[in-house]
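The structure under discussion appears below in the form of structure tokens.
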Amino acid sequence: MKKEIYIFCLLLLLGGNLYGIINDLNDSTDNWTAIQYLNQSDFYGDAQANGGDIIGDSAYNQPGFYKRYDYGLDGEADGGDDTMAFRIRLASDDSSYLLIGFDVDDGTNLGPDGTIDFYLGVSFATGNLTKDKIAFYSPGSSANDSPATATFNDYSVYKNGNNNDFADYANLSPVVLGVNEGYTGTDASTNLDGGDSTDYFVSFQVEMNVINAAYQGISGTTNLLTADSEMMMVLGSSGNDNNFNQDFAGIDGTTGASLPWTDPNGPGAPIYTAEGTTPVPESSSYALMFGALAGIVVFLRRRR
């Protein structure tokens with residue numbers, strides 16, 4: 001028994017996975033949840049520096065940001081062997097840091113509070129395995145309530161290009177219609193902005209137990225993220241790993257960087273649960289739904 005416990009702990013320290021992971025990170029977008037924004041999924045050619053141009057169309061047929069939740073081998077939302085995965089569409093395969101900020105509902109608010117709790121990032125440096133990595137970042141000393149105030153510090157590296165299993169956790173592939181791009185309508189394109197390069201998907205995944213270890217370590221909380229945890233996610237790209245300096249999903253990055261994450265026209269996505277495929281209704285929406293239901297009940301009683 002002691003031997004099995006030792007092996008389990010060793011695998012966790014090495015970033016191993018005793019369970020199952022999402023088998024194919026380059027499968028069809030039909031199997032992913034598109035993260036919606038009020039405005040265009042992302043605007044074309046709005047990166048503030050070379051590289052890292054997140055891209056997605058205005059009709060949400062070909063979005064720029066996706067997520068996915070896998071329940072693991074036991075099929076239960078217990079967090080133990082569950083996995084979260086993310087996919088970002090870029091205008092090219094230029095080397096860049098892509099960071100997702102998580103604003104988690106900690107139970108004291110009616111949802112996230114607009115301040116990032118931790119960042120999860122992936123980077124591909126084409127041809128340089130030492131710079132390929134999946135890592136966690138802690139928020140810096142600035143407010144972290146908007147793109148302009150977002151800073152972060154390297155917290156821990158989860159996987160890098162020198163790990164033999166890195167390809168199981170991260171994938172960089174050109175967009176191919178009918179293969180990793182499920183939408184094949186008449187306006188479907190592998191080059192949304194008409195630039196010099198085919199668009200690329202960056203996809204990566206991390207086990208929930210690893211995410212929770214980083215979340216607790218960075219924020220100091222004892223809370224656990226589960227399949228039902230509500231969170232607002234933000235996405236940005238950068239040429240370095242301490243602040244955003246390239247692009248932001250959901251806004252025109254050249255003009256909207258000063259907007260708070262929670263601004264209706266800002267770059268914060270609607271609130272999702274970790275496993276949810278649609279946004280969580282706002283509290284006002286719940287009130288409307290409850291009011292409509294109550295009205296129906298009264299109407300039916302009067303008809304009796």
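Each chain in the structure tokens gets a letter, A, B, ..., in the order shown, and its residues are numbered from 1; ligands are numbered from 1 in order too.
Backbone DSSP over region 30-98 of chain A gives strand (DSSP E) for Thr33, Ala34, Phe65, Tyr66, Lys67, Arg68, Tyr69, Asp70, Thr83, Met84, Ala85, Phe86, Arg87, Ile88, Arg89, Leu90, Ser96, Tyr97 and Leu98 of chain A.
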Tell me, counting only C-alpha atoms, for each residue of region 50-117 of chain A within 12 Å of region 150-162 of chain A, which pair of atoms is nearest and how far apart they are in Å to one decimal, in rows ordered by chain and increasing number, as a Markdown table.
| residue | atom | partner | partner_atom | distance |
| --- | --- | --- | --- | --- |
| A:Leu99 | CA | A:Phe152 | CA | 9.8 |
| A:Ile100 | CA | A:Phe152 | CA | 11.3 |
| A:Gly101 | CA | A:Ala150 | CA | 9.4 |
| A:Gly114 | CA | A:Ala150 | CA | 11.8 |
| A:Thr115 | CA | A:Ala150 | CA | 9.5 |
| A:Ile116 | CA | A:Ala150 | CA | 8.5 |
| A:Asp117 | CA | A:Phe152 | CA | 10.5 |
Keeping only C-alpha atoms, write the selected residues as an mmCIF file, in the first residue's frame.
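Once written, part-v4.cif looks like this:
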data_model
loop_
_atom_site.group_PDB
_atom_site.id
_atom_site.type_symbol
_atom_site.label_atom_id
_atom_site.label_comp_id
_atom_site.auth_asym_id
_atom_site.auth_seq_id
_atom_site.Cartn_x
_atom_site.Cartn_y
_atom_site.Cartn_z
ATOM 1 C CA LEU A 99 -2.850 33.700 -20.910
ATOM 2 C CA ILE A 100 -6.324 33.025 -19.563
ATOM 3 C CA GLY A 101 -7.250 34.923 -16.419
ATOM 4 C CA GLY A 114 -13.958 41.595 -11.615
ATOM 5 C CA THR A 115 -10.464 40.918 -10.270
ATOM 6 C CA ILE A 116 -8.363 38.082 -11.622
ATOM 7 C CA ASP A 117 -7.555 35.319 -9.103
#
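Note that the spacing between CA of Pro260 (chain A) and CA of Asp247 (chain A) amounts to 15.1 Å.
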Subject >> Residues near Tyr69 (chain A), cut-off 6 Å, only C-alpha atoms, skip fewer than 5 positions along chain, as a PyMOL selection string >> reply: chain A and resi 83-84+275
Original post:
Which residues in region 17-196 of chain A does DSSP call helix (DSSP H, G or I)? List them as a ChimeraX atom specification.
Top reply: /A:29-31,129-131,147-149,166-169
Save the residues we just selected, N, CA and C atoms, as a PDB file, in the first residue's frame?
ATOM      1  N   THR A  29     -13.977  21.567 -33.714  1.00  0.00           N
ATOM      2  CA  THR A  29     -14.537  22.575 -32.811  1.00  0.00           C
ATOM      3  C   THR A  29     -15.967  22.236 -32.418  1.00  0.00           C
ATOM      4  N   ASP A  30     -16.608  21.318 -33.123  1.00  0.00           N
ATOM      5  CA  ASP A  30     -17.952  20.880 -32.756  1.00  0.00           C
ATOM      6  C   ASP A  30     -17.973  20.273 -31.355  1.00  0.00           C
ATOM      7  N   ASN A  31     -16.834  19.811 -30.881  1.00  0.00           N
ATOM      8  CA  ASN A  31     -16.739  19.181 -29.568  1.00  0.00           C
ATOM      9  C   ASN A  31     -16.353  20.171 -28.472  1.00  0.00           C
ATOM     10  N   LEU A 129      12.003  24.068 -28.185  1.00  0.00           N
ATOM     11  CA  LEU A 129      11.238  23.310 -27.207  1.00  0.00           C
ATOM     12  C   LEU A 129      11.411  23.831 -25.792  1.00  0.00           C
ATOM     13  N   THR A 130      12.548  24.462 -25.494  1.00  0.00           N
ATOM     14  CA  THR A 130      12.787  24.932 -24.131  1.00  0.00           C
ATOM     15  C   THR A 130      11.831  26.048 -23.746  1.00  0.00           C
ATOM     16  N   LYS A 131      11.194  26.692 -24.726  1.00  0.00           N
ATOM     17  CA  LYS A 131      10.267  27.789 -24.431  1.00  0.00           C
ATOM     18  C   LYS A 131       8.812  27.383 -24.595  1.00  0.00           C
ATOM     19  N   PRO A 147      -7.437  45.009 -18.895  1.00  0.00           N
ATOM     20  CA  PRO A 147      -6.210  44.678 -19.625  1.00  0.00           C
ATOM     21  C   PRO A 147      -5.058  45.631 -19.304  1.00  0.00           C
ATOM     22  N   ALA A 148      -5.374  46.908 -19.164  1.00  0.00           N
ATOM     23  CA  ALA A 148      -4.330  47.901 -18.928  1.00  0.00           C
ATOM     24  C   ALA A 148      -3.685  47.762 -17.558  1.00  0.00           C
ATOM     25  N   THR A 149      -4.395  47.147 -16.606  1.00  0.00           N
ATOM     26  CA  THR A 149      -3.856  47.013 -15.244  1.00  0.00           C
ATOM     27  C   THR A 149      -3.450  45.581 -14.933  1.00  0.00           C
ATOM     28  N   PHE A 166       4.547  16.312 -23.432  1.00  0.00           N
ATOM     29  CA  PHE A 166       4.056  17.668 -23.672  1.00  0.00           C
ATOM     30  C   PHE A 166       3.018  17.694 -24.794  1.00  0.00           C
ATOM     31  N   ALA A 167       3.233  16.888 -25.821  1.00  0.00           N
ATOM     32  CA  ALA A 167       2.309  16.866 -26.962  1.00  0.00           C
ATOM     33  C   ALA A 167       0.934  16.333 -26.578  1.00  0.00           C
ATOM     34  N   ASP A 168       0.827  15.622 -25.442  1.00  0.00           N
ATOM     35  CA  ASP A 168      -0.475  15.164 -24.970  1.00  0.00           C
ATOM     36  C   ASP A 168      -1.269  16.291 -24.323  1.00  0.00           C
ATOM     37  N   TYR A 169      -0.583  17.356 -23.934  1.00  0.00           N
ATOM     38  CA  TYR A 169      -1.208  18.436 -23.181  1.00  0.00           C
ATOM     39  C   TYR A 169      -1.307  19.737 -23.970  1.00  0.00           C
TER      40      TYR A 169
END
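For the atom pair formed by CA of Asn212 (chain A) and CA of Arg87 (chain A), the distance is 20.0 Å, given to one decimal.
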**OP:** Write out as a PyMOL selection string each polymer residue whose atoms come within 9 Å of region 36-45 of chain A, counting only C-alpha atoms; drop sequence neighbours fewer than 5 positions from it.
**Re:** chain A and resi 53-60+62-66+91+192-193+195+248-253+264-270+278-279
Would you write out those residues with C-alpha atoms, as a compact mmCIF listing (two decimals), in the first residue's frame?
# COMPACT_ATOMS: atom_id res chain seq x y z
CA ASP A 53 -3.27 38.21 -32.92
CA ILE A 54 -6.32 36.38 -31.52
CA ILE A 55 -8.92 36.13 -34.25
CA GLY A 56 -12.59 35.19 -34.54
CA ASP A 57 -15.52 36.21 -36.73
CA SER A 58 -18.45 38.42 -35.76
CA ALA A 59 -21.11 35.79 -36.54
CA TYR A 60 -19.60 33.32 -34.04
CA GLN A 62 -15.67 30.58 -36.23
CA PRO A 63 -14.92 31.97 -32.76
CA GLY A 64 -11.50 32.74 -31.36
CA PHE A 65 -11.82 31.18 -27.89
CA TYR A 66 -13.15 27.80 -26.77
CA ALA A 91 -3.84 34.69 -37.21
CA LEU A 192 -10.23 34.95 -41.47
CA ASP A 193 -8.32 38.21 -41.77
CA GLY A 195 -3.44 37.85 -44.09
CA PHE A 248 -7.22 40.72 -26.07
CA ALA A 249 -10.18 38.56 -27.02
CA GLY A 250 -13.57 40.21 -27.40
CA ILE A 251 -12.49 43.82 -27.96
CA ASP A 252 -10.59 45.94 -30.43
CA GLY A 253 -7.25 45.67 -28.67
CA PRO A 264 -20.52 45.37 -20.92
CA ASN A 265 -18.33 46.34 -23.88
CA GLY A 266 -15.14 45.06 -22.27
CA PRO A 267 -13.03 41.94 -22.81
CA GLY A 268 -14.45 39.83 -19.99
CA ALA A 269 -16.49 36.87 -21.20
CA PRO A 270 -19.90 36.05 -19.68
CA THR A 278 -23.83 28.18 -22.04
CA PRO A 279 -23.34 31.31 -19.89
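In this structure, CA of Asp196 (chain A) sits 8.4 Å away from CA of Ser92 (chain A).
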Please provide as a compact mmCIF listing (two decimals) with C-alpha atoms, in the first residue's frame all residues within 12 Å of Gln205 (chain A), with the sequence filter that same-chain residues fewer than 3 positions apart are discarded (counting only C-alpha atoms).
# COMPACT_ATOMS: atom_id res chain seq x y z
CA ASN A 17 -1.95 11.82 -14.90
CA GLY A 20 -7.49 9.86 -18.68
CA ILE A 21 -6.96 13.09 -20.53
CA ILE A 22 -8.80 14.43 -23.52
CA ASN A 23 -7.40 12.20 -26.22
CA ASP A 24 -7.40 14.53 -29.20
CA LEU A 25 -6.59 18.22 -28.79
CA ASN A 26 -6.82 18.76 -32.54
CA TYR A 66 -13.15 27.80 -26.77
CA LYS A 67 -13.19 25.66 -23.65
CA ARG A 68 -14.03 22.07 -22.84
CA TYR A 69 -14.55 19.99 -19.72
CA ASP A 70 -13.89 16.27 -19.52
CA ASP A 82 -11.55 15.88 -14.48
CA THR A 83 -9.79 17.99 -17.08
CA MET A 84 -10.28 21.50 -18.48
CA ALA A 85 -9.10 22.30 -21.97
CA PHE A 86 -8.88 25.53 -23.96
CA ARG A 87 -8.48 26.47 -27.60
CA ILE A 88 -7.44 29.82 -29.08
CA LEU A 120 -3.11 29.91 -16.77
CA GLY A 121 -0.96 30.24 -19.87
CA VAL A 122 0.55 28.38 -22.77
CA LYS A 133 5.30 25.45 -21.79
CA ILE A 134 2.05 25.41 -19.85
CA ALA A 135 2.35 27.47 -16.68
CA TYR A 158 3.24 22.55 -15.29
CA LYS A 159 4.59 21.15 -18.56
CA PHE A 166 4.06 17.67 -23.67
CA ALA A 167 2.31 16.87 -26.96
CA ASP A 168 -0.47 15.16 -24.97
CA TYR A 169 -1.21 18.44 -23.18
CA ALA A 170 -0.62 21.11 -25.84
CA ASN A 171 -1.10 21.30 -29.59
CA VAL A 202 -3.49 26.55 -29.98
CA MET A 208 -8.54 19.95 -12.35
CA VAL A 210 -3.50 20.59 -10.76
CA ILE A 211 -5.59 23.72 -11.40
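Distance check against Tyr97 (chain A) using only C-alpha atoms: of A:Ala257, A:Met232, A:Ala125, A:Val280, the minimum falls on A:Ala125.
Using only C-alpha atoms, the nearest neighbour of Asn180 (chain A) within the list A:Asp199, A:Asp81, A:Asp113, A:Tyr272 is A:Asp199.
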